[in-house]
Amino acid sequence: MFRVGRWRPWLFVGPALLLITFFLVYPTVVTIIRSFFGRGAQLFGPRVHYVGFANWKYVFTSPVMLTALRNNVLWVVLFTTCTVGIGLILAVMLDRVRYEKILKSVIFVPAAISMVGASIIWKFVYAFRPEGMPQIGILNAIVVALGGKPIGWLLQRPWINNICLIIVGIWIWTGFCMVILSAAYKNIPKQLLEAARIDGASEWQVFHRVVLPLLVPTIAVVGTTMVVTVLKIFDIVYVMTNGNFSTEVIANRMYKEMFNYFNYGRASAIAVVLLILIMPFMFLNIRRFTQQEGGR
Amino acid sequence: MYLRKALLRIPLHSTLVFFGILWLVPTLGLLITSFRDPAAIAASGWWTVLPKLFSGGQFSLQNYVRVVLKEGFGRSFLNSLTISIPATFLSVFIASFAAFGFAWLRFSGRRFLFMIVVALMVIPLQMTFIPILPIYSKLGLAGTFPGIWLAHTAYGLPLTTYLVHNFVASIPKDLFDSAAIDGATPFTTFWRIVMPISLPAIASVFIFQFLWIWNDLLVALIYLGARPNVAPMTLKIANLVTNRGQDWELLTAAAFVSMALPLVVFFSLQRYFVRGILAGSVKG
């Protein structure tokens, strides 16, 4: 560690801290205060009054917000289990085949493109036309070919359309989970697995009793990353349904309150809900960091 | 024996092929559609061309020409570049300085401040829009490139600082000691030792940050709003969906134009990209 006087270190960390203070710390404080004030853009402006918990009442009692909260729960559960679960299965399975590299690229590639682009890709998969017309979305073409009626995948509330949106998210993020879990899997000494096999363990037992316990820390990290990501989910919903037909999520509602209804008080309260939900993960990050720092 | 082993592996291969198809087919559909005639797109599914894939006359670049030249996507492609490149440089540059400071310089509050940086990595950006937007309007930064450069730089700083810090902190101390004996100041140490050694790590962070900004919709939506002359690809496509959601010939071609650069970056620099992701998660 360098000792370089009192001021020099601030030349290094100062610019970053200034930007972070102005763009992240200060607004966070204001938004929390703002969640107790009424509509209007300017805090302390002529039309902005203290409204107590009115915004908060809206957040936790209005039907749209209750739908959004319910959908976020659905997103968290389905999205996290599937991305981490499929990612883990793929990581372990791909280790045993010769085309590992190419298939990994195929599944990982959605992580590089925008969620807007991915939404267009899937909007086309889900494309729906009335019965009798030629279907141009592949999913409905399959349904019709099997003798069924075409389904409005993004219109069928509340389960089919929400699940269809969540599938888009899973398609984007599974590769990310797979890559990290695969790196952790390859770090497990192969002798360990061999020893278990020689002792007569079946492949399932090897996975269940040896591999899985060793991967738990990585699964925890990947899992929390996914939860944090999905709590803030916005792009997919904004592009594909804009929250219509009961597909609203918290982040999209916040945007609507801000830009469509100009109700900055409500929008602030909704943002704070996101913050509260993500708070535990902030502390988790800090704890992990201090543990790591302790070893240095 | 060999046959038995091969048979046992059938479930493995079929599962993997299934996932491969699931991941490829949606993109393939979009790619093929983007080259088809608008009338053909509306009349039949894209898979109907598969049997006659190599017979001529059914594919053309007309959708791309139209999207780039007439619908303004050429402009928004340039806008995306104008937004991403300076913002990425700025955030990686400032983050590298900060990472070195946090890792190797002694000052009061070092640990506490870095803990705040770590905590802010996951903060919802939604917490920041409402107070900043009025300030931006007052300063004339709303709807301008400098405005969004600053916002992206600041929003990216916690993660980029953390990622570079992970690497810089692991540089052996001996390297600095000999430099200190030779009378090097922190600045020369930073430029001559830390930067060159960290270049691969910084490259990973750079790619990561670049793709994040290129692919961003939310920040552009908030700070650039409805101004088409500064709108990046993502924003333009999102508007296209709202206004002309059934014009698949435009949507598919536009989506591919926006994906082209990330795909090139991904396939040519995959190693760095993966390293960036691993640095953020496994070590962290």
# chains A, B, ... in the order shown; residues from 1 in each chain; ligands from 1

call {"tool": "residues_around", "arguments": {"residues": "range 227-239 of chain B", "least_positions_apart": "6", "cutoff": "7 Å", "atoms": "only C-alpha atoms", "output": "MDAnalysis selection string"}}
result
(chainID A and resid 116 239) or (chainID B and resid 73 76:77 79:80 143 215:217 220:221 254 258)

call {"tool": "write_last_selection", "arguments": {"atoms": "N, CA and C atoms", "output": "short mmCIF file (atom, residue, chain, number, x, y, z; two decimals), in the first residue's frame"}}
result
data_model
loop_
_atom_site.label_atom_id
_atom_site.label_comp_id
_atom_site.auth_asym_id
_atom_site.auth_seq_id
_atom_site.Cartn_x
_atom_site.Cartn_y
_atom_site.Cartn_z
N VAL A 116 -34.03 -5.98 -26.49
CA VAL A 116 -34.96 -5.50 -27.51
C VAL A 116 -34.91 -6.43 -28.72
N VAL A 239 -41.22 -3.93 -24.62
CA VAL A 239 -41.27 -4.13 -26.07
C VAL A 239 -42.41 -5.07 -26.47
N PHE B 73 -32.51 3.91 -39.97
CA PHE B 73 -31.72 3.06 -39.08
C PHE B 73 -30.22 3.21 -39.28
N SER B 76 -29.47 5.81 -36.80
CA SER B 76 -29.50 5.36 -35.41
C SER B 76 -28.37 4.38 -35.12
N PHE B 77 -27.87 3.69 -36.15
CA PHE B 77 -26.68 2.85 -35.97
C PHE B 77 -25.51 3.74 -35.57
N ASN B 79 -25.77 6.67 -34.25
CA ASN B 79 -26.06 7.19 -32.91
C ASN B 79 -25.64 6.20 -31.83
N SER B 80 -25.93 4.93 -32.06
CA SER B 80 -25.55 3.91 -31.08
C SER B 80 -24.04 3.92 -30.87
N GLY B 143 -31.59 14.83 -23.84
CA GLY B 143 -31.65 14.67 -25.29
C GLY B 143 -30.36 14.99 -26.01
N ASN B 215 -26.59 -2.22 -25.94
CA ASN B 215 -27.85 -2.94 -25.82
C ASN B 215 -28.87 -2.24 -24.92
N ASP B 216 -28.47 -1.15 -24.28
CA ASP B 216 -29.37 -0.49 -23.33
C ASP B 216 -30.58 0.14 -24.00
N LEU B 217 -31.72 -0.04 -23.37
CA LEU B 217 -32.92 0.67 -23.82
C LEU B 217 -33.36 1.70 -22.78
N ALA B 220 -31.52 5.19 -22.42
CA ALA B 220 -31.78 6.00 -23.61
C ALA B 220 -33.21 6.52 -23.61
N LEU B 221 -34.13 5.66 -23.22
CA LEU B 221 -35.54 6.04 -23.17
C LEU B 221 -35.75 7.24 -22.23
N ALA B 254 -34.34 -4.63 -39.12
CA ALA B 254 -33.82 -3.66 -38.14
C ALA B 254 -33.19 -4.39 -36.96
N SER B 258 -29.19 -4.18 -35.65
CA SER B 258 -28.77 -3.83 -34.29
C SER B 258 -27.96 -4.94 -33.64
#

call {"tool": "interface_residues", "arguments": {"of": "chain A", "to": "chain B", "cutoff": "7 Å", "atoms": "only C-alpha atoms", "output": "JSON, numbers by chain"}}
result
{"A": [1, 2, 3, 6, 9, 12, 13, 15, 16, 19, 20, 23, 24, 27, 28, 30, 31, 93, 103, 106, 107, 112, 113, 114, 116, 117, 120, 121, 122, 125, 134, 135, 136, 137, 180, 218, 221, 232, 235, 239, 264, 271, 272, 274, 275, 282, 283, 285, 286]}

call {"tool": "select_by_dssp", "arguments": {"residues": "range 22-221 of chain A", "states": "helix (DSSP H, G or I)", "output": "MDAnalysis selection string"}}
result
chainID A and resid 22:34 54:61 63:94 100:111 115:125 138:145 159:187 190:198 203:221

call {"tool": "residues_around", "arguments": {"residues": "Asn63 in chain B", "least_positions_apart": "4", "cutoff": "9 Å", "atoms": "only C-alpha atoms", "output": "mmCIF file with C-alpha atoms, in the first residue's frame"}}
result
data_model
loop_
_atom_site.group_PDB
_atom_site.id
_atom_site.type_symbol
_atom_site.label_atom_id
_atom_site.label_comp_id
_atom_site.auth_asym_id
_atom_site.auth_seq_id
_atom_site.Cartn_x
_atom_site.Cartn_y
_atom_site.Cartn_z
ATOM 1 C CA SER B 34 -35.361 -10.441 -42.933
ATOM 2 C CA PHE B 35 -34.314 -11.449 -46.479
ATOM 3 C CA ARG B 36 -37.786 -12.326 -47.744
ATOM 4 C CA ASP B 37 -40.206 -10.266 -49.773
ATOM 5 C CA PRO B 38 -42.806 -8.453 -47.595
ATOM 6 C CA VAL B 67 -34.471 -0.001 -43.158
ATOM 7 C CA VAL B 68 -31.040 1.603 -43.374
ATOM 8 C CA GLU B 249 -39.952 -7.100 -42.986
ATOM 9 C CA LEU B 250 -38.862 -3.915 -41.196
ATOM 10 C CA THR B 252 -36.631 -8.369 -38.626
ATOM 11 C CA ALA B 253 -34.123 -6.443 -40.731
ATOM 12 C CA ALA B 254 -33.821 -3.663 -38.144
#

call {"tool": "atom_distance", "arguments": {"atom1": "CA of Phe112 in chain B", "atom2": "CA of Phe36 in chain A"}}
result
29.4 Å

call {"tool": "closest_residue", "arguments": {"among": "A:Met115, A:Ala68, A:Val76, A:Leu192", "to": "Met254 in chain A", "atoms": "only C-alpha atoms"}}
result
A:Ala68

call {"tool": "residues_around", "arguments": {"residues": "Leu181 in chain A", "least_positions_apart": "5", "cutoff": "9 Å", "atoms": "only C-alpha atoms", "output": "MDAnalysis selection string"}}
result
(chainID A and resid 84 87:88 91:92 176 186 215 218:219 222) or (chainID B and resid 282)

call {"tool": "write_last_selection", "arguments": {"atoms": "N, CA and C atoms", "output": "short mmCIF file (atom, residue, chain, number, x, y, z; two decimals), in the first residue's frame"}}
result
data_model
loop_
_atom_site.label_atom_id
_atom_site.label_comp_id
_atom_site.auth_asym_id
_atom_site.auth_seq_id
_atom_site.Cartn_x
_atom_site.Cartn_y
_atom_site.Cartn_z
N VAL A 84 -30.89 -21.03 -13.87
CA VAL A 84 -29.85 -21.71 -13.11
C VAL A 84 -29.94 -23.22 -13.33
N GLY A 87 -29.03 -24.09 -16.95
CA GLY A 87 -27.61 -23.76 -17.07
C GLY A 87 -26.74 -24.84 -16.44
N LEU A 88 -27.16 -25.33 -15.29
CA LEU A 88 -26.40 -26.38 -14.59
C LEU A 88 -26.43 -27.69 -15.37
N ALA A 91 -24.24 -27.36 -18.36
CA ALA A 91 -22.81 -27.31 -18.02
C ALA A 91 -22.27 -28.72 -17.80
N VAL A 92 -23.03 -29.54 -17.06
CA VAL A 92 -22.57 -30.89 -16.75
C VAL A 92 -22.62 -31.79 -17.99
N PHE A 176 -25.55 -17.39 -19.88
CA PHE A 176 -24.73 -16.72 -18.86
C PHE A 176 -24.51 -17.65 -17.66
N LYS A 186 -15.68 -27.41 -14.18
CA LYS A 186 -14.39 -27.86 -14.69
C LYS A 186 -13.28 -27.69 -13.65
N LEU A 215 -20.66 -27.32 -5.98
CA LEU A 215 -21.08 -26.19 -6.82
C LEU A 215 -21.99 -25.21 -6.06
N THR A 218 -21.14 -21.44 -6.07
CA THR A 218 -21.32 -20.82 -7.39
C THR A 218 -22.80 -20.68 -7.74
N ILE A 219 -23.56 -21.72 -7.45
CA ILE A 219 -25.00 -21.65 -7.72
C ILE A 219 -25.62 -20.48 -6.96
N VAL A 222 -24.62 -17.21 -8.81
CA VAL A 222 -25.37 -17.09 -10.06
C VAL A 222 -26.85 -16.83 -9.77
N VAL B 282 -17.56 -15.42 -10.50
CA VAL B 282 -16.92 -16.49 -9.74
C VAL B 282 -16.05 -15.93 -8.62
#

call {"tool": "closest_residue", "arguments": {"among": "A:Leu74, A:Asp95, A:Ala267, A:Val230", "to": "Lys190 in chain A", "atoms": "only C-alpha atoms"}}
result
A:Asp95

call {"tool": "residues_around", "arguments": {"residues": "Tyr58 in chain A", "least_positions_apart": "5", "cutoff": "10 Å", "atoms": "only C-alpha atoms", "output": "list in words"}}
result
Phe53, Pro63, Val64, Met65, Leu66, Arg266, Ala269 and Ile270 of chain A

call {"tool": "closest_residue", "arguments": {"among": "A:Thr247, A:Gln291, A:Asn72, A:Ser105", "to": "Thr229 in chain A", "atoms": "only C-alpha atoms"}}
result
A:Asn72
